[in-house]
$ cat my_file26.json   # JSON, C-alpha atoms and all ligand atoms
[["chain", "number", "residue", "atom", "x", "y", "z"],
["S", 15, "MET", "CA", -16.35, -17.09, 86.84],
["S", 16, "LEU", "CA", -15.96, -18.61, 83.42],
["S", 17, "ARG", "CA", -18.95, -20.79, 82.77],
["S", 18, "ALA", "CA", -17.69, -23.50, 80.47],
["S", 19, "ARG", "CA", -19.77, -26.61, 79.85],
["S", 20, "PRO", "CA", -18.74, -29.66, 81.89],
["S", 21, "ALA", "CA", -17.10, -31.23, 78.83],
["S", 22, "LEU", "CA", -15.09, -28.06, 78.27],
["S", 23, "LEU", "CA", -14.04, -27.86, 81.90],
["S", 24, "LEU", "CA", -12.72, -31.37, 81.62],
["S", 25, "ALA", "CA", -10.96, -30.55, 78.36],
["S", 26, "SER", "CA", -9.48, -27.42, 79.92],
["S", 27, "ALA", "CA", -8.23, -29.38, 82.93],
["S", 28, "LEU", "CA", -6.46, -31.80, 80.64],
["S", 29, "ALA", "CA", -4.95, -28.91, 78.69],
["S", 30, "VAL", "CA", -3.46, -27.14, 81.70],
["S", 31, "PRO", "CA", 0.19, -28.11, 81.07],
["S", 32, "ALA", "CA", 0.00, -26.76, 77.50],
["S", 33, "LEU", "CA", -1.66, -23.55, 78.67],
["S", 34, "VAL", "CA", 0.92, -22.95, 81.37],
["S", 35, "ALA", "CA", 3.71, -23.51, 78.86],
["S", 36, "GLY", "CA", 2.09, -21.28, 76.24],
["S", 37, "CYS", "CA", 0.97, -18.36, 78.36],
["S", 38, "SER", "CA", 3.36, -16.37, 80.51],
["S", 39, "ALA", "CA", 0.75, -14.01, 81.94],
["S", 40, "THR", "CA", -2.82, -14.27, 83.14],
["S", 41, "SER", "CA", -4.02, -12.16, 80.22],
["S", 42, "ALA", "CA", -5.17, -13.98, 77.10],
["S", 43, "ALA", "CA", -4.04, -11.13, 74.89],
["S", 44, "ASP", "CA", -2.31, -12.67, 71.91],
["S", 45, "ASP", "CA", 0.94, -11.72, 70.20],
["S", 46, "ASP", "CA", -0.78, -8.77, 68.53],
["S", 47, "GLY", "CA", -2.18, -7.73, 71.91],
["S", 48, "THR", "CA", -5.77, -8.72, 71.24],
["S", 49, "VAL", "CA", -8.06, -11.43, 72.60],
["S", 50, "GLN", "CA", -8.89, -13.93, 69.85],
["S", 51, "VAL", "CA", -12.65, -14.40, 69.69],
["S", 52, "LEU", "CA", -14.31, -16.92, 67.43],
["S", 53, "ALA", "CA", -18.06, -16.42, 66.96],
["S", 54, "SER", "CA", -20.11, -19.15, 65.36],
["S", 55, "PHE", "CA", -22.36, -16.81, 63.33],
["S", 56, "TYR", "CA", -23.06, -13.14, 62.65],
["S", 57, "PRO", "CA", -25.19, -11.76, 65.54],
["S", 58, "LEU", "CA", -22.70, -13.19, 68.06],
["S", 59, "GLN", "CA", -19.80, -11.86, 65.97],
["S", 60, "MET", "CA", -21.40, -8.40, 66.02],
["S", 61, "ILE", "CA", -21.77, -8.49, 69.81],
["S", 62, "ALA", "CA", -18.13, -9.55, 70.24],
["S", 63, "GLN", "CA", -16.91, -6.76, 67.96],
["S", 64, "GLU", "CA", -19.02, -4.08, 69.63],
["S", 65, "VAL", "CA", -18.20, -5.16, 73.20],
["S", 66, "GLY", "CA", -14.54, -6.00, 72.56],
["S", 67, "GLY", "CA", -13.68, -3.01, 70.37],
["S", 68, "ASP", "CA", -9.97, -2.73, 69.56],
["S", 69, "ARG", "CA", -8.96, -5.12, 72.32],
["S", 70, "VAL", "CA", -10.30, -8.17, 70.46],
["S", 71, "SER", "CA", -9.89, -9.83, 67.05],
["S", 72, "VAL", "CA", -13.15, -11.43, 66.01],
["S", 73, "GLU", "CA", -13.65, -14.07, 63.37],
["S", 74, "SER", "CA", -16.83, -15.92, 62.43],
["S", 75, "LEU", "CA", -17.10, -19.64, 61.71],
["S", 76, "THR", "CA", -19.90, -18.90, 59.24],
["S", 77, "PRO", "CA", -18.56, -17.21, 56.09],
["S", 78, "PRO", "CA", -20.22, -13.89, 55.12],
["S", 79, "GLY", "CA", -23.27, -14.56, 52.95],
["S", 80, "ALA", "CA", -23.56, -18.20, 54.05],
["S", 81, "GLU", "CA", -26.60, -19.60, 55.79],
["S", 82, "PRO", "CA", -25.50, -20.61, 59.32],
["S", 83, "HIS", "CA", -27.92, -23.48, 60.10],
["S", 84, "ASP", "CA", -26.10, -26.06, 58.01],
["S", 85, "VAL", "CA", -22.55, -24.67, 58.24],
["S", 86, "GLU", "CA", -19.78, -27.22, 57.80],
["S", 87, "LEU", "CA", -16.35, -26.64, 59.28],
["S", 88, "SER", "CA", -13.06, -27.35, 57.54],
["S", 89, "PRO", "CA", -10.25, -29.00, 59.52],
["S", 90, "ALA", "CA", -8.57, -25.57, 59.63],
["S", 91, "GLN", "CA", -11.68, -24.05, 61.21],
["S", 92, "VAL", "CA", -11.88, -26.85, 63.77],
["S", 93, "ALA", "CA", -8.25, -26.06, 64.65],
["S", 94, "LYS", "CA", -9.24, -22.40, 65.11],
["S", 95, "VAL", "CA", -11.82, -23.48, 67.69],
["S", 96, "SER", "CA", -9.00, -24.98, 69.75],
["S", 97, "ASP", "CA", -6.76, -21.94, 69.32],
["S", 98, "ALA", "CA", -9.39, -19.34, 70.26],
["S", 99, "ASP", "CA", -9.34, -17.51, 73.58],
["S", 100, "LEU", "CA", -13.14, -17.31, 73.55],
["S", 101, "VAL", "CA", -15.65, -19.18, 71.40],
["S", 102, "LEU", "CA", -19.14, -17.66, 71.24],
["S", 103, "TYR", "CA", -21.80, -20.05, 70.03],
["S", 104, "LEU", "CA", -25.40, -21.15, 70.45],
["S", 105, "SER", "CA", -25.77, -24.78, 71.43],
["S", 106, "GLY", "CA", -28.28, -26.77, 69.40],
["S", 107, "PHE", "CA", -28.15, -24.36, 66.44],
["S", 108, "GLN", "CA", -25.11, -25.46, 64.42],
["S", 109, "ALA", "CA", -24.32, -29.14, 64.85],
["S", 110, "ALA", "CA", -20.84, -28.81, 63.31],
["S", 111, "VAL", "CA", -19.89, -26.18, 65.90],
["S", 112, "ASP", "CA", -21.24, -28.27, 68.80],
["S", 113, "ASP", "CA", -19.24, -31.23, 67.48],
["S", 114, "ALA", "CA", -16.05, -29.18, 67.16],
["S", 115, "LEU", "CA", -16.46, -27.82, 70.70],
["S", 116, "ALA", "CA", -16.93, -31.33, 72.09],
["S", 117, "GLN", "CA", -13.35, -32.08, 71.01],
["S", 118, "ALA", "CA", -11.61, -28.70, 70.99],
["S", 119, "GLU", "CA", -9.93, -26.90, 73.86],
["S", 120, "PRO", "CA", -10.48, -23.16, 73.59],
["S", 121, "ARG", "CA", -9.49, -21.18, 76.68],
["S", 122, "ASP", "CA", -13.13, -20.25, 77.21],
["S", 123, "ALA", "CA", -16.48, -20.84, 75.55],
["S", 124, "LEU", "CA", -19.75, -19.00, 76.04],
["S", 125, "ASP", "CA", -23.03, -20.59, 75.02],
["S", 126, "ALA", "CA", -25.55, -17.81, 74.31],
["S", 127, "ALA", "CA", -28.27, -20.22, 75.45],
["S", 128, "ASP", "CA", -26.80, -19.96, 78.96],
["S", 129, "ALA", "CA", -26.96, -16.15, 78.89],
["S", 130, "THR", "CA", -30.50, -15.69, 77.59],
["S", 131, "THR", "CA", -33.67, -17.76, 77.67],
["S", 132, "LEU", "CA", -34.78, -19.61, 74.57],
["S", 133, "LEU", "CA", -38.30, -20.29, 73.37],
["S", 134, "SER", "CA", -39.44, -23.69, 72.17],
["S", 135, "GLY", "CA", -40.45, -24.02, 68.54],
["S", 136, "ASP", "CA", -44.08, -23.61, 69.67],
["S", 137, "GLY", "CA", -43.36, -20.20, 71.24],
["S", 138, "GLU", "CA", -43.27, -21.34, 74.90],
["S", 139, "GLU", "CA", -40.37, -20.48, 77.20],
["S", 140, "HIS", "CA", -37.79, -23.22, 76.80],
["S", 141, "ASP", "CA", -36.06, -24.41, 79.96],
["S", 142, "HIS", "CA", -32.43, -24.77, 78.98],
["S", 143, "ALA", "CA", -31.30, -25.74, 82.50],
["S", 144, "GLU", "CA", -33.81, -28.59, 82.56],
["S", 145, "ASP", "CA", -32.43, -29.77, 79.21],
["S", 146, "GLU", "CA", -28.94, -29.85, 80.63],
["S", 147, "GLU", "CA", -30.05, -31.79, 83.70],
["S", 148, "GLU", "CA", -31.90, -34.34, 81.66],
["S", 149, "GLY", "CA", -29.09, -34.58, 79.16],
["S", 150, "HIS", "CA", -31.26, -33.64, 76.18],
["S", 151, "ASP", "CA", -29.94, -31.73, 73.24],
["S", 152, "HIS", "CA", -31.86, -28.56, 72.42],
["S", 153, "GLY", "CA", -33.69, -29.94, 69.44],
["S", 154, "ASP", "CA", -36.99, -28.32, 70.30],
["S", 155, "ALA", "CA", -35.59, -24.89, 71.19],
["S", 156, "ASP", "CA", -36.03, -22.10, 68.64],
["S", 157, "PRO", "CA", -32.52, -20.69, 68.14],
["S", 158, "HIS", "CA", -33.44, -17.29, 66.62],
["S", 159, "PHE", "CA", -33.34, -15.25, 69.86],
["S", 160, "TRP", "CA", -31.42, -12.34, 68.27],
["S", 161, "LEU", "CA", -34.60, -11.25, 66.45],
["S", 162, "ASP", "CA", -35.96, -10.08, 69.82],
["S", 163, "PRO", "CA", -33.64, -7.17, 70.71],
["S", 164, "SER", "CA", -34.73, -7.32, 74.35],
["S", 165, "ARG", "CA", -32.95, -10.69, 74.68],
["S", 166, "MET", "CA", -29.61, -9.34, 73.41],
["S", 167, "PRO", "CA", -28.31, -7.27, 76.37],
["S", 168, "ALA", "CA", -27.96, -10.38, 78.56],
["S", 169, "VAL", "CA", -25.68, -11.88, 75.93],
["S", 170, "ALA", "CA", -23.68, -8.66, 75.49],
["S", 171, "ASP", "CA", -23.20, -8.46, 79.27],
["S", 172, "ALA", "CA", -22.06, -12.09, 79.42],
["S", 173, "VAL", "CA", -19.57, -11.43, 76.63],
["S", 174, "ALA", "CA", -18.22, -8.43, 78.58],
["S", 175, "GLU", "CA", -17.80, -10.65, 81.67],
["S", 176, "HIS", "CA", -15.96, -13.36, 79.77],
["S", 177, "LEU", "CA", -13.71, -10.87, 77.99],
["S", 178, "SER", "CA", -12.91, -9.22, 81.32],
["S", 179, "GLU", "CA", -11.74, -12.56, 82.72],
["S", 180, "LEU", "CA", -9.49, -13.04, 79.69],
["S", 181, "ASP", "CA", -8.23, -9.43, 79.55],
["S", 182, "PRO", "CA", -8.68, -7.84, 83.00],
["S", 183, "ASP", "CA", -7.09, -4.55, 81.88],
["S", 184, "GLY", "CA", -9.99, -4.10, 79.45],
["S", 185, "ALA", "CA", -12.75, -4.73, 81.97],
["S", 186, "GLN", "CA", -13.92, -1.12, 82.23],
["S", 187, "GLU", "CA", -13.89, -0.68, 78.47],
["S", 188, "PHE", "CA", -15.83, -3.92, 77.91],
["S", 189, "ALA", "CA", -18.45, -2.92, 80.48],
["S", 190, "ALA", "CA", -18.83, 0.54, 78.93],
["S", 191, "ASN", "CA", -19.09, -0.89, 75.41],
["S", 192, "ALA", "CA", -21.69, -3.42, 76.54],
["S", 193, "ALA", "CA", -23.71, -0.68, 78.24],
["S", 194, "ALA", "CA", -23.66, 1.43, 75.05],
["S", 195, "LEU", "CA", -24.68, -1.57, 72.94],
["S", 196, "ASP", "CA", -27.46, -2.46, 75.38],
["S", 197, "GLU", "CA", -28.85, 1.06, 74.97],
["S", 198, "ARG", "CA", -29.02, 0.56, 71.22],
["S", 199, "PHE", "CA", -30.89, -2.74, 71.73],
["S", 200, "ALA", "CA", -33.30, -0.98, 74.09],
["S", 201, "ALA", "CA", -33.93, 1.79, 71.55],
["S", 202, "LEU", "CA", -34.55, -0.79, 68.83],
["S", 203, "ASP", "CA", -36.96, -2.68, 71.08],
["S", 204, "GLU", "CA", -38.84, 0.57, 71.73],
["S", 205, "ALA", "CA", -39.02, 1.34, 67.99],
["S", 206, "TYR", "CA", -40.51, -2.11, 67.35],
["S", 207, "ARG", "CA", -42.98, -1.79, 70.23],
["S", 208, "THR", "CA", -44.33, 1.54, 69.06],
["S", 209, "GLY", "CA", -44.02, 0.73, 65.34],
["S", 210, "LEU", "CA", -45.99, -2.51, 65.62],
["S", 211, "ALA", "CA", -48.54, -1.41, 68.22],
["S", 212, "GLU", "CA", -51.39, -0.43, 65.87],
["S", 213, "CYS", "CA", -51.60, -2.63, 62.77],
["S", 214, "GLY", "CA", -54.43, -3.69, 60.45],
["S", 215, "ILE", "CA", -53.25, -7.33, 60.45],
["S", 216, "ARG", "CA", -51.16, -9.12, 63.09],
["S", 217, "THR", "CA", -50.29, -12.23, 61.07],
["S", 218, "PHE", "CA", -47.21, -12.38, 58.86],
["S", 219, "VAL", "CA", -46.06, -15.18, 56.57],
["S", 220, "THR", "CA", -42.36, -16.01, 56.22],
["S", 221, "SER", "CA", -40.41, -18.53, 54.16],
["S", 222, "HIS", "CA", -38.68, -20.09, 57.19],
["S", 223, "THR", "CA", -39.90, -19.92, 60.75],
["S", 224, "ALA", "CA", -37.19, -17.59, 62.07],
["S", 225, "PHE", "CA", -39.33, -14.85, 63.58],
["S", 226, "GLY", "CA", -41.01, -16.60, 66.50],
["S", 227, "TYR", "CA", -39.16, -14.39, 69.00],
["S", 228, "LEU", "CA", -40.15, -11.22, 67.17],
["S", 229, "ALA", "CA", -43.79, -12.40, 67.05],
["S", 230, "HIS", "CA", -43.72, -13.38, 70.74],
["S", 231, "ARG", "CA", -42.27, -10.03, 71.82],
["S", 232, "TYR", "CA", -44.51, -7.75, 69.74],
["S", 233, "ASP", "CA", -47.75, -9.73, 69.88],
["S", 234, "LEU", "CA", -47.76, -10.83, 66.25],
["S", 235, "GLU", "CA", -48.36, -14.24, 64.75],
["S", 236, "GLU", "CA", -45.82, -15.78, 62.42],
["S", 237, "VAL", "CA", -46.86, -18.42, 59.91],
["S", 238, "GLY", "CA", -43.79, -20.10, 58.43],
["S", 239, "ILE", "CA", -44.01, -21.78, 55.04],
["S", 240, "SER", "CA", -41.17, -24.12, 56.01],
["S", 241, "GLY", "CA", -40.01, -24.92, 59.53],
["S", 242, "ILE", "CA", -37.17, -23.67, 61.70],
["S", 243, "ASP", "CA", -34.64, -25.15, 59.27],
["S", 244, "PRO", "CA", -34.69, -23.00, 56.11],
["S", 245, "GLU", "CA", -33.73, -25.87, 53.80],
["S", 246, "ALA", "CA", -36.74, -28.01, 54.71],
["S", 247, "GLU", "CA", -39.15, -28.31, 51.74],
["S", 248, "PRO", "CA", -42.76, -27.53, 52.68],
["S", 249, "SER", "CA", -45.29, -30.30, 52.04],
["S", 250, "PRO", "CA", -48.33, -29.73, 49.77],
["S", 251, "ALA", "CA", -50.49, -29.92, 52.92],
["S", 252, "ARG", "CA", -48.42, -27.13, 54.53],
["S", 253, "LEU", "CA", -48.73, -24.97, 51.41],
["S", 254, "ALA", "CA", -52.52, -25.46, 51.51],
["S", 255, "GLU", "CA", -52.63, -24.45, 55.19],
["S", 256, "VAL", "CA", -50.57, -21.33, 54.54],
["S", 257, "SER", "CA", -52.81, -20.44, 51.58],
["S", 258, "ASP", "CA", -55.86, -20.65, 53.86],
["S", 259, "VAL", "CA", -54.22, -18.31, 56.38],
["S", 260, "VAL", "CA", -53.35, -15.82, 53.63],
["S", 261, "ARG", "CA", -56.97, -15.75, 52.40],
["S", 262, "ASP", "CA", -58.61, -15.80, 55.85],
["S", 263, "GLU", "CA", -56.40, -13.12, 57.41],
["S", 264, "GLY", "CA", -56.14, -10.84, 54.40],
["S", 265, "VAL", "CA", -52.35, -11.24, 54.27],
["S", 266, "THR", "CA", -50.91, -8.94, 51.58],
["S", 267, "THR", "CA", -47.28, -10.04, 51.54],
["S", 268, "LEU", "CA", -45.24, -13.24, 51.74],
["S", 269, "PHE", "CA", -41.81, -12.61, 53.18],
["S", 270, "PHE", "CA", -38.72, -14.32, 51.89],
["S", 271, "GLU", "CA", -35.16, -13.86, 53.06],
["S", 272, "THR", "CA", -31.78, -12.99, 51.67],
["S", 273, "LEU", "CA", -29.64, -16.11, 52.18],
["S", 274, "VAL", "CA", -32.18, -18.72, 51.05],
["S", 275, "SER", "CA", -33.78, -19.13, 47.61],
["S", 276, "PRO", "CA", -37.10, -17.22, 47.40],
["S", 277, "LYS", "CA", -38.57, -19.71, 44.92],
["S", 278, "VAL", "CA", -41.19, -21.31, 47.18],
["S", 279, "ALA", "CA", -42.47, -17.98, 48.53],
["S", 280, "GLU", "CA", -42.53, -16.42, 45.06],
["S", 281, "THR", "CA", -44.46, -19.30, 43.51],
["S", 282, "LEU", "CA", -47.00, -19.32, 46.33],
["S", 283, "ALA", "CA", -47.40, -15.53, 46.20],
["S", 284, "GLN", "CA", -48.05, -15.70, 42.47],
["S", 285, "ASP", "CA", -50.69, -18.41, 42.98],
["S", 286, "LEU", "CA", -52.40, -16.32, 45.67],
["S", 287, "GLY", "CA", -52.07, -12.95, 43.95],
["S", 288, "VAL", "CA", -50.15, -11.31, 46.82],
["S", 289, "GLN", "CA", -46.80, -9.55, 46.98],
["S", 290, "THR", "CA", -43.41, -10.68, 48.22],
["S", 291, "ALA", "CA", -40.93, -8.67, 50.27],
["S", 292, "VAL", "CA", -37.70, -9.30, 52.16],
["S", 293, "LEU", "CA", -37.66, -9.98, 55.88],
["S", 294, "ASP", "CA", -34.09, -10.76, 56.88],
["S", 295, "PRO", "CA", -33.51, -13.19, 59.79],
["S", 296, "ILE", "CA", -30.09, -11.53, 60.35],
["S", 297, "GLU", "CA", -28.34, -14.88, 60.34],
["S", 298, "GLY", "CA", -25.54, -13.53, 58.16],
["S", 299, "LEU", "CA", -24.77, -10.42, 56.11],
["S", 300, "ALA", "CA", -25.62, -10.53, 52.42],
["S", 301, "ASP", "CA", -24.50, -6.92, 52.00],
["S", 302, "ASP", "CA", -21.30, -5.36, 53.42],
["S", 303, "ASP", "CA", -22.96, -2.00, 54.07],
["S", 304, "ALA", "CA", -25.61, -3.52, 56.30],
["S", 305, "ASP", "CA", -25.35, -4.49, 59.95],
["S", 306, "TYR", "CA", -27.62, -5.90, 62.64],
["S", 307, "PHE", "CA", -29.24, -2.55, 63.38],
["S", 308, "SER", "CA", -29.73, -1.38, 59.79],
["S", 309, "ILE", "CA", -31.30, -4.74, 58.87],
["S", 310, "ALA", "CA", -33.54, -4.65, 61.95],
["S", 311, "ASP", "CA", -34.71, -1.16, 60.89],
["S", 312, "ASP", "CA", -35.44, -2.43, 57.36],
["S", 313, "ASN", "CA", -37.35, -5.40, 58.79],
["S", 314, "LEU", "CA", -39.48, -3.10, 60.94],
["S", 315, "GLU", "CA", -40.33, -0.93, 57.95],
["S", 316, "ALA", "CA", -41.21, -3.98, 55.82],
["S", 317, "LEU", "CA", -43.47, -5.33, 58.57],
["S", 318, "ARG", "CA", -45.18, -1.97, 59.06],
["S", 319, "VAL", "CA", -46.01, -1.80, 55.35],
["S", 320, "ALA", "CA", -47.19, -5.43, 55.07],
["S", 321, "LEU", "CA", -49.28, -5.27, 58.26],
["S", 322, "SER", "CA", -50.72, -1.80, 57.58],
["S", 323, "CYS", "CA", -49.41, -0.32, 60.84],
["S", 324, "SER", "CA", -50.12, 3.29, 61.69],
["Q", 401, "ZN", "ZN", -32.84, -19.65, 60.87]]
$ encode --input "my_file26.json" --output "structure tokens" --more "lines below"
Ligand SMILES: [Zn+2]
Amino acid sequence: MLRARPALLLASALAVPALVAGCSATSAADDDGTVQVLASFYPLQMIAQEVGGDRVSVESLTPPGAEPHDVELSPAQVAKVSDADLVLYLSGFQAAVDDALAQAEPRDALDAADATTLLSGDGEEHDHAEDEEEGHDHGDADPHFWLDPSRMPAVADAVAEHLSELDPDGAQEFAANAAALDERFAALDEAYRTGLAECGIRTFVTSHTAFGYLAHRYDLEEVGISGIDPEAEPSPARLAEVSDVVRDEGVTTLFFETLVSPKVAETLAQDLGVQTAVLDPIEGLADDDADYFSIADDNLEALRVALSCS
């Protein structure tokens, strides 16, 4: 079963005559023989590429090197949302993508929030189904689930299911690719669990509060200088609170990230006489040679150094 949102089901129903006219077969494979997948940002793009392999063409709505929270879509990109066979997105994370999907008519759309569970900003399990029933948006859900590798296989498996509906001939390949990818997520999860088991400090300070899932999974505490939105400027009161944590907990390192200016973290680190280092929220690729797994490895190493893990 394709699990489109009610609005999308309605849109799809209205679009049936066009679909029947445009598609001669049940397969969504396009003129070049591939399923056209549009992912809204990098971690979902990576999953689509790994699971779909050569049978899919994957594009991202967030340009490489751009910060995905505040992405804006051009009219051409909005048109791509309508043309896609499958749109992969995370509701409540990128308002422009939610808006485009409310009007567009892709063949299928998969909301990662329906495949995995999200945490609230305060680190509690967030009940997405309850949100839907009550008609809330997901304003208080923390979107950054991909930083907990144990939450990724459910999304990879859902992508494999949706691709199999669109391209039934590829079903076995999609399932095998998803299983191989899930093993890599499991190995990464194990590396984090063992690598962060014995540490001198369990508190880490980041420039934007992206690592709540990582902290939740591996029993660490994240203190974010700014909130879940990386562009939010921290107040003087927040800077004072963070400074107290740094002194009280013996924090050695303030983490900043690749796609957002490090200025606030650097200034604060200088004031406090501590170091800065990169912890990448893997929201987009700043470097072509990197990928989800290489960045996750680098993040683990940076955490192990900053937290004095043995
Ligand atoms: Zn973020």
$ atom_distance --input "my_file26.json" --atom1 "CA of Thr131 (chain S)" --atom2 "CA of Val173 (chain S)"
15.5 Å
$ residues_near_ligand --input "my_file26.json" --ligand "ligand ZN 401 (chain Q)" --cutoff "8 Å" --atoms "all atoms listed in the file" --output "ChimeraX atom specification"
/S:82-83,157-158,222-224,242-244,295,297
$ atom_distance --input "my_file26.json" --atom1 "CA of Val274 (chain S)" --atom2 "CA of Asp154 (chain S)"
22.0 Å
$ closest_residue --input "my_file26.json" --among "S:Asp46, S:Asp162, S:Glu247, S:Glu119" --to "Arg231 (chain S)" --atoms "only C-alpha atoms"
S:Asp162
$ residues_near_point --input "my_file26.json" --point "(-13.2, -32.0, 63.0)" --cutoff "12 Å" --atoms "all atoms listed in the file" --output "PDB file with C-alpha atoms, in the frame of the given file"
ATOM      1  CA  GLU S  86     -19.780 -27.220  57.800  1.00  0.00           C
ATOM      2  CA  LEU S  87     -16.350 -26.640  59.280  1.00  0.00           C
ATOM      3  CA  SER S  88     -13.060 -27.350  57.540  1.00  0.00           C
ATOM      4  CA  PRO S  89     -10.250 -29.000  59.520  1.00  0.00           C
ATOM      5  CA  ALA S  90      -8.570 -25.570  59.630  1.00  0.00           C
ATOM      6  CA  GLN S  91     -11.680 -24.050  61.210  1.00  0.00           C
ATOM      7  CA  VAL S  92     -11.880 -26.850  63.770  1.00  0.00           C
ATOM      8  CA  ALA S  93      -8.250 -26.060  64.650  1.00  0.00           C
ATOM      9  CA  LYS S  94      -9.240 -22.400  65.110  1.00  0.00           C
ATOM     10  CA  VAL S  95     -11.820 -23.480  67.690  1.00  0.00           C
ATOM     11  CA  SER S  96      -9.000 -24.980  69.750  1.00  0.00           C
ATOM     12  CA  ALA S 109     -24.320 -29.140  64.850  1.00  0.00           C
ATOM     13  CA  ALA S 110     -20.840 -28.810  63.310  1.00  0.00           C
ATOM     14  CA  VAL S 111     -19.890 -26.180  65.900  1.00  0.00           C
ATOM     15  CA  ASP S 112     -21.240 -28.270  68.800  1.00  0.00           C
ATOM     16  CA  ASP S 113     -19.240 -31.230  67.480  1.00  0.00           C
ATOM     17  CA  ALA S 114     -16.050 -29.180  67.160  1.00  0.00           C
ATOM     18  CA  LEU S 115     -16.460 -27.820  70.700  1.00  0.00           C
ATOM     19  CA  ALA S 116     -16.930 -31.330  72.090  1.00  0.00           C
ATOM     20  CA  GLN S 117     -13.350 -32.080  71.010  1.00  0.00           C
ATOM     21  CA  ALA S 118     -11.610 -28.700  70.990  1.00  0.00           C
TER      22      ALA S 118
END
$ closest_residue --input "my_file26.json" --among "S:Pro163, S:Pro120, S:Gly226, S:Gly67" --to "Asp97 (chain S)" --atoms "all atoms listed in the file"
S:Pro120
$ residues_near_point --input "my_file26.json" --point "(-55.6, -12.6, 44.6)" --cutoff "10 Å" --atoms "only C-alpha atoms" --output "PyMOL selection string"
chain S and resi 260-261+264+266+283-289
$ atom_distance --input "my_file26.json" --atom1 "CA of Asp156 (chain S)" --atom2 "CA of Tyr232 (chain S)"
16.7 Å
$ closest_residue --input "my_file26.json" --among "S:Ala80, S:Leu314, S:Leu268, S:Val72" --to "Glu204 (chain S)" --atoms "only C-alpha atoms"
S:Leu314
$ closest_residue --input "my_file26.json" --among "S:Arg198, S:Leu124, S:Glu235, S:Asn191" --to "Ile215 (chain S)" --atoms "all atoms listed in the file"
S:Glu235
$ residues_around --input "my_file26.json" --residues "Ala310 (chain S)" --least-positions-apart "6" --cutoff "9 Å" --atoms "only C-alpha atoms" --output "list in words"
Leu161, Leu202, Asp294, Pro295 and Ile296 of chain S
$ residues_around --input "my_file26.json" --residues "Gln50 (chain S)" --least-positions-apart "4" --cutoff "10 Å" --atoms "all atoms listed in the file" --output "number ranges by chain"
S: 42-44, 46, 69-73, 94, 97-101, 121, 177, 180
$ closest_residue --input "my_file26.json" --among "S:Phe107, S:Ala155, S:Ala126, S:Ala174" --to "Glu81 (chain S)" --atoms "all atoms listed in the file"
S:Phe107
$ closest_residue --input "my_file26.json" --among "S:Val49, S:Ala189, S:Leu273, S:Leu104" --to "Ala127 (chain S)" --atoms "all atoms listed in the file"
S:Leu104
$ residues_around --input "my_file26.json" --residues "Pro276 (chain S)" --least-positions-apart "6" --cutoff "12 Å" --atoms "only C-alpha atoms" --output "list in words"
Thr220, Ser221, His222, Ile239, Ser240, Pro244, Glu245, Leu268, Phe269, Phe270, Leu282, Ala283, Thr290, Ala291, Val292, Leu293 and Asp294 of chain S
$ build_atoms --input "my_file26.json" --residues "region 266-277 of chain S" --atoms "N, CA and C atoms" --output "short mmCIF file (atom, residue, chain, number, x, y, z; two decimals), in the frame of the given file"
data_model
loop_
_atom_site.label_atom_id
_atom_site.label_comp_id
_atom_site.auth_asym_id
_atom_site.auth_seq_id
_atom_site.Cartn_x
_atom_site.Cartn_y
_atom_site.Cartn_z
N THR S 266 -51.22 -9.60 52.85
CA THR S 266 -50.91 -8.94 51.58
C THR S 266 -49.56 -9.35 51.02
N THR S 267 -48.70 -9.90 51.88
CA THR S 267 -47.28 -10.04 51.54
C THR S 267 -46.73 -11.35 52.07
N LEU S 268 -46.01 -12.09 51.24
CA LEU S 268 -45.24 -13.24 51.74
C LEU S 268 -43.79 -12.80 51.84
N PHE S 269 -43.20 -13.02 52.99
CA PHE S 269 -41.81 -12.61 53.18
C PHE S 269 -40.85 -13.74 52.82
N PHE S 270 -39.82 -13.38 52.10
CA PHE S 270 -38.72 -14.32 51.89
C PHE S 270 -37.45 -13.67 52.43
N GLU S 271 -36.36 -14.40 52.43
CA GLU S 271 -35.16 -13.86 53.06
C GLU S 271 -33.97 -13.89 52.11
N THR S 272 -32.89 -13.28 52.57
CA THR S 272 -31.78 -12.99 51.67
C THR S 272 -30.88 -14.18 51.40
N LEU S 273 -30.67 -15.07 52.36
CA LEU S 273 -29.64 -16.11 52.18
C LEU S 273 -30.22 -17.43 51.69
N VAL S 274 -31.54 -17.49 51.48
CA VAL S 274 -32.18 -18.72 51.05
C VAL S 274 -32.99 -18.41 49.79
N SER S 275 -33.06 -19.36 48.87
CA SER S 275 -33.78 -19.13 47.61
C SER S 275 -35.24 -18.73 47.86
N PRO S 276 -35.71 -17.67 47.18
CA PRO S 276 -37.10 -17.22 47.40
C PRO S 276 -38.13 -18.00 46.59
N LYS S 277 -37.70 -19.07 45.90
CA LYS S 277 -38.57 -19.71 44.92
C LYS S 277 -39.93 -20.12 45.49
#
